[in-house]
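Structure data follow from target.cif (mmCIF, C-alpha atoms):
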data_coords
#
loop_
_atom_site.group_PDB
_atom_site.id
_atom_site.type_symbol
_atom_site.label_atom_id
_atom_site.label_comp_id
_atom_site.auth_asym_id
_atom_site.auth_seq_id
_atom_site.Cartn_x
_atom_site.Cartn_y
_atom_site.Cartn_z
ATOM 1 C CA MET A 1448 57.950 127.913 -111.276
ATOM 2 C CA THR A 1449 56.074 125.372 -109.146
ATOM 3 C CA GLY A 1450 53.310 125.250 -111.753
ATOM 4 C CA LEU A 1451 55.838 124.463 -114.472
ATOM 5 C CA VAL A 1452 57.355 121.621 -112.435
ATOM 6 C CA SER A 1453 53.862 120.223 -111.748
ATOM 7 C CA ALA A 1454 53.011 120.355 -115.436
ATOM 8 C CA PHE A 1455 56.184 118.472 -116.378
ATOM 9 C CA ALA A 1456 55.558 115.909 -113.638
ATOM 10 C CA SER A 1457 52.019 115.366 -114.921
ATOM 11 C CA ILE A 1458 53.231 114.897 -118.490
ATOM 12 C CA ALA A 1459 55.926 112.456 -117.348
ATOM 13 C CA ALA A 1460 53.397 110.455 -115.306
ATOM 14 C CA ALA A 1461 50.983 110.278 -118.233
ATOM 15 C CA GLY A 1462 53.791 109.115 -120.518
ATOM 16 C CA ALA A 1463 54.835 106.422 -118.054
ATOM 17 C CA LEU A 1464 51.264 105.135 -117.810
ATOM 18 C CA ALA A 1465 50.908 105.054 -121.589
ATOM 19 C CA ALA A 1466 54.211 103.209 -121.991
ATOM 20 C CA GLY A 1467 53.233 100.733 -119.283
ATOM 21 C CA GLY A 1468 49.978 99.967 -121.081
ATOM 22 C CA VAL A 1469 51.832 99.274 -124.313
ATOM 23 C CA LEU A 1470 54.456 97.103 -122.649
ATOM 24 C CA ALA A 1471 52.112 95.214 -120.313
ATOM 25 C CA PRO A 1472 51.906 91.445 -120.829
ATOM 26 C CA GLY A 1473 49.106 90.594 -123.205
ATOM 27 C CA ALA A 1474 48.641 94.195 -124.324
ATOM 28 C CA SER A 1475 49.596 93.288 -127.892
ATOM 29 C CA HIS A 1476 47.072 90.434 -127.944
ATOM 30 C CA PRO A 1477 43.620 91.745 -127.080
ATOM 31 C CA ALA A 1478 40.884 89.256 -126.314
ATOM 32 C CA PRO A 1479 39.220 87.956 -129.481
ATOM 33 C CA ARG A 1480 35.995 89.728 -130.340
ATOM 34 C CA THR A 1481 33.115 87.291 -130.577
ATOM 35 C CA ALA A 1482 29.626 87.842 -131.939
ATOM 36 C CA LEU A 1483 26.513 85.709 -131.575
ATOM 37 C CA VAL A 1484 23.765 85.855 -134.184
ATOM 38 C CA ILE A 1485 20.880 83.690 -132.962
ATOM 39 C CA ASP A 1486 17.406 83.516 -134.441
ATOM 40 C CA ALA A 1487 15.067 85.372 -132.075
ATOM 41 C CA PRO A 1488 12.781 82.369 -131.419
ATOM 42 C CA ALA A 1489 15.804 80.247 -130.455
ATOM 43 C CA ALA A 1490 16.972 82.874 -127.953
ATOM 44 C CA ARG A 1491 13.790 82.868 -125.880
ATOM 45 C CA ASP A 1492 13.328 81.242 -122.522
ATOM 46 C CA GLY A 1493 9.695 80.409 -121.947
ATOM 47 C CA ARG A 1494 7.806 83.688 -121.845
ATOM 48 C CA ALA A 1495 10.988 85.769 -121.618
ATOM 49 C CA LEU A 1496 11.947 87.370 -124.912
ATOM 50 C CA VAL A 1497 15.645 86.914 -124.176
ATOM 51 C CA ASP A 1498 17.225 83.983 -122.367
ATOM 52 C CA PRO A 1499 18.980 85.335 -119.230
ATOM 53 C CA ARG A 1500 22.209 83.547 -120.189
ATOM 54 C CA LEU A 1501 22.590 85.938 -123.121
ATOM 55 C CA ARG A 1502 22.729 88.911 -120.759
ATOM 56 C CA THR A 1503 25.894 87.608 -119.118
ATOM 57 C CA THR A 1504 27.841 86.463 -122.169
ATOM 58 C CA GLU A 1505 30.952 88.360 -123.171
ATOM 59 C CA ALA A 1506 29.999 88.269 -126.852
ATOM 60 C CA ASP A 1507 28.079 90.891 -128.801
ATOM 61 C CA VAL A 1508 24.601 89.489 -129.412
ATOM 62 C CA ARG A 1509 22.053 90.023 -132.181
ATOM 63 C CA LEU A 1510 18.668 88.292 -132.317
ATOM 64 C CA PRO A 1511 17.347 88.685 -135.860
ATOM 65 C CA ARG A 1512 13.631 88.190 -136.439
ATOM 66 C CA THR A 1513 13.821 87.871 -140.225
ATOM 67 C CA ALA A 1514 16.201 86.465 -142.814
ATOM 68 C CA ALA A 1515 17.068 90.003 -143.943
ATOM 69 C CA GLU A 1516 18.005 91.007 -140.382
ATOM 70 C CA ALA A 1517 20.129 87.873 -140.038
ATOM 71 C CA ARG A 1518 22.047 88.685 -143.252
ATOM 72 C CA THR A 1519 22.603 92.264 -142.100
ATOM 73 C CA ASP A 1520 23.849 91.165 -138.672
ATOM 74 C CA VAL A 1521 26.213 88.491 -140.015
ATOM 75 C CA ARG A 1522 27.650 90.817 -142.656
ATOM 76 C CA TYR A 1523 28.041 93.631 -140.123
ATOM 77 C CA PHE A 1524 30.101 91.546 -137.711
ATOM 78 C CA ALA A 1525 32.251 90.174 -140.545
ATOM 79 C CA ALA A 1526 32.855 93.690 -141.910
ATOM 80 C CA GLN A 1527 33.797 94.929 -138.432
ATOM 81 C CA GLY A 1528 36.551 92.311 -138.273
ATOM 82 C CA TYR A 1529 35.189 90.186 -135.452
ATOM 83 C CA ASP A 1530 37.447 87.218 -134.769
ATOM 84 C CA ARG A 1531 34.533 84.814 -134.385
ATOM 85 C CA VAL A 1532 30.946 84.956 -135.539
ATOM 86 C CA ILE A 1533 28.762 82.211 -134.078
ATOM 87 C CA VAL A 1534 25.359 81.543 -135.623
ATOM 88 C CA ALA A 1535 22.436 79.446 -134.383
ATOM 89 C CA GLY A 1536 19.050 78.862 -135.938
ATOM 90 C CA PRO A 1537 18.059 78.255 -139.545
ATOM 91 C CA ARG A 1538 17.869 81.929 -140.593
ATOM 92 C CA SER A 1539 21.199 82.916 -139.109
ATOM 93 C CA THR A 1540 22.939 79.801 -140.411
ATOM 94 C CA ALA A 1541 21.557 80.393 -143.916
ATOM 95 C CA ALA A 1542 22.613 84.057 -143.693
ATOM 96 C CA ALA A 1543 26.218 83.099 -142.915
ATOM 97 C CA HIS A 1544 26.223 80.564 -145.749
ATOM 98 C CA SER A 1545 24.716 82.911 -148.350
ATOM 99 C CA SER A 1546 27.014 85.762 -147.285
ATOM 100 C CA ASN A 1547 30.131 83.559 -147.491
ATOM 101 C CA VAL A 1548 31.028 84.439 -143.908
ATOM 102 C CA ALA A 1549 33.147 81.850 -142.129
ATOM 103 C CA ALA A 1550 30.903 81.502 -139.092
ATOM 104 C CA LEU A 1551 30.903 78.815 -136.464
ATOM 105 C CA ARG A 1552 27.547 77.052 -136.562
ATOM 106 C CA ALA A 1553 25.870 75.963 -133.334
ATOM 107 C CA ALA A 1554 22.861 73.670 -133.098
ATOM 108 C CA ASP A 1555 21.074 75.811 -130.522
ATOM 109 C CA LEU A 1556 21.474 78.496 -127.873
ATOM 110 C CA SER A 1557 23.314 76.215 -125.464
ATOM 111 C CA GLY A 1558 25.758 75.217 -128.184
ATOM 112 C CA ALA A 1559 26.340 78.858 -129.130
ATOM 113 C CA LEU A 1560 27.057 79.827 -125.515
ATOM 114 C CA ALA A 1561 29.429 76.883 -125.160
ATOM 115 C CA ALA A 1562 31.257 78.013 -128.311
ATOM 116 C CA VAL A 1563 31.752 81.490 -126.792
ATOM 117 C CA ARG A 1564 33.519 79.974 -123.791
ATOM 118 C CA ARG A 1565 35.940 77.979 -125.973
#

Have the structure of the file written as structure tokens, please.
Amino acid sequence: MTGLVSAFASIAAAGALAAGGVLAPGASHPAPRTALVIDAPAARDGRALVDPRLRTTEADVRLPRTAAEARTDVRYFAAQGYDRVIVAGPRSTAAAHSSNVAALRAADLSGALAAVRR
């Protein structure tokens, strides 16, 4: 009998937690998903292959080395339903344009990171 009561209590607690997550403020409005597609050369910092600022950004980052990679990355993020796709560098910008993806264009890495924070 005690086991049955414990099982019901566990189910009730799980249900309460699930309901609380659905009803919590902001639960119906998740944070917008943002992606950065930055030409690999533009994402370097001196000898480092990746600028350290990219490691701390809350956006998903791709650093295409070729025009084909840039097109694939831009199309992927658009197909996945990302709220914002930010591009920087000539290859990535051209990829967004040729793919008809409504991407936010940034002049450089600093501009792209600033756009993420907006």

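Taking all atoms listed in the file into account, the polymer residues that have an atom no farther than 12 Å from (28.4, 85.5, -120.1) are Thr1481, Leu1483, Asp1498, Pro1499, Arg1500, Leu1501, Arg1502, Thr1503, Thr1504, Glu1505, Ala1506, Asp1507, Val1508, Ser1557, Ala1559, Leu1560, Ala1561, Ala1562, Val1563 and Arg1564 of chain A.
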
- Message: Need to verify the contact set: Arg1538 in chain A, 7 Å, only C-alpha atoms, exclusion of same-chain residues closer than 6 positions in sequence. Can you return it as an MDAnalysis selection string?
- Response: chainID A and resid 1486 1514 1517

- Message: List as a list in words the protein and nucleic acid residues near Ala1525 in chain A, meaning an atom at most 9 Å away when all atoms listed in the file are counted, but skip any in the same chain fewer than 6 places from it.
- Response: Arg1531, Val1532, Val1548, Ala1549 and Ala1550 of chain A

- Point-to-point distance in Å for CA of Ala1489 in chain A and CA of Ala1543 in chain A: 16.5 Å

- What separates CA of Phe1524 in chain A and CA of Thr1540 in chain A is a distance of 14.0 Å

- Message: List the spatial neighbours of Thr1513 in chain A as number ranges by chain - criterion: any atom at most 12 Å away, only C-alpha atoms, same-chain residues fewer than 6 positions off excluded.
- Response: A: 1484-1488, 1519-1520, 1536-1539, 1541-1542

Taking C-alpha atoms for each residue, export the selection above as a PDB file, in the frame of the given file.
ATOM      1  CA  VAL A1484      23.765  85.855-134.184  1.00  0.00           C
ATOM      2  CA  ILE A1485      20.880  83.690-132.962  1.00  0.00           C
ATOM      3  CA  ASP A1486      17.406  83.516-134.441  1.00  0.00           C
ATOM      4  CA  ALA A1487      15.067  85.372-132.075  1.00  0.00           C
ATOM      5  CA  PRO A1488      12.781  82.369-131.419  1.00  0.00           C
ATOM      6  CA  THR A1519      22.603  92.264-142.100  1.00  0.00           C
ATOM      7  CA  ASP A1520      23.849  91.165-138.672  1.00  0.00           C
ATOM      8  CA  GLY A1536      19.050  78.862-135.938  1.00  0.00           C
ATOM      9  CA  PRO A1537      18.059  78.255-139.545  1.00  0.00           C
ATOM     10  CA  ARG A1538      17.869  81.929-140.593  1.00  0.00           C
ATOM     11  CA  SER A1539      21.199  82.916-139.109  1.00  0.00           C
ATOM     12  CA  ALA A1541      21.557  80.393-143.916  1.00  0.00           C
ATOM     13  CA  ALA A1542      22.613  84.057-143.693  1.00  0.00           C
TER      14      ALA A1542
END
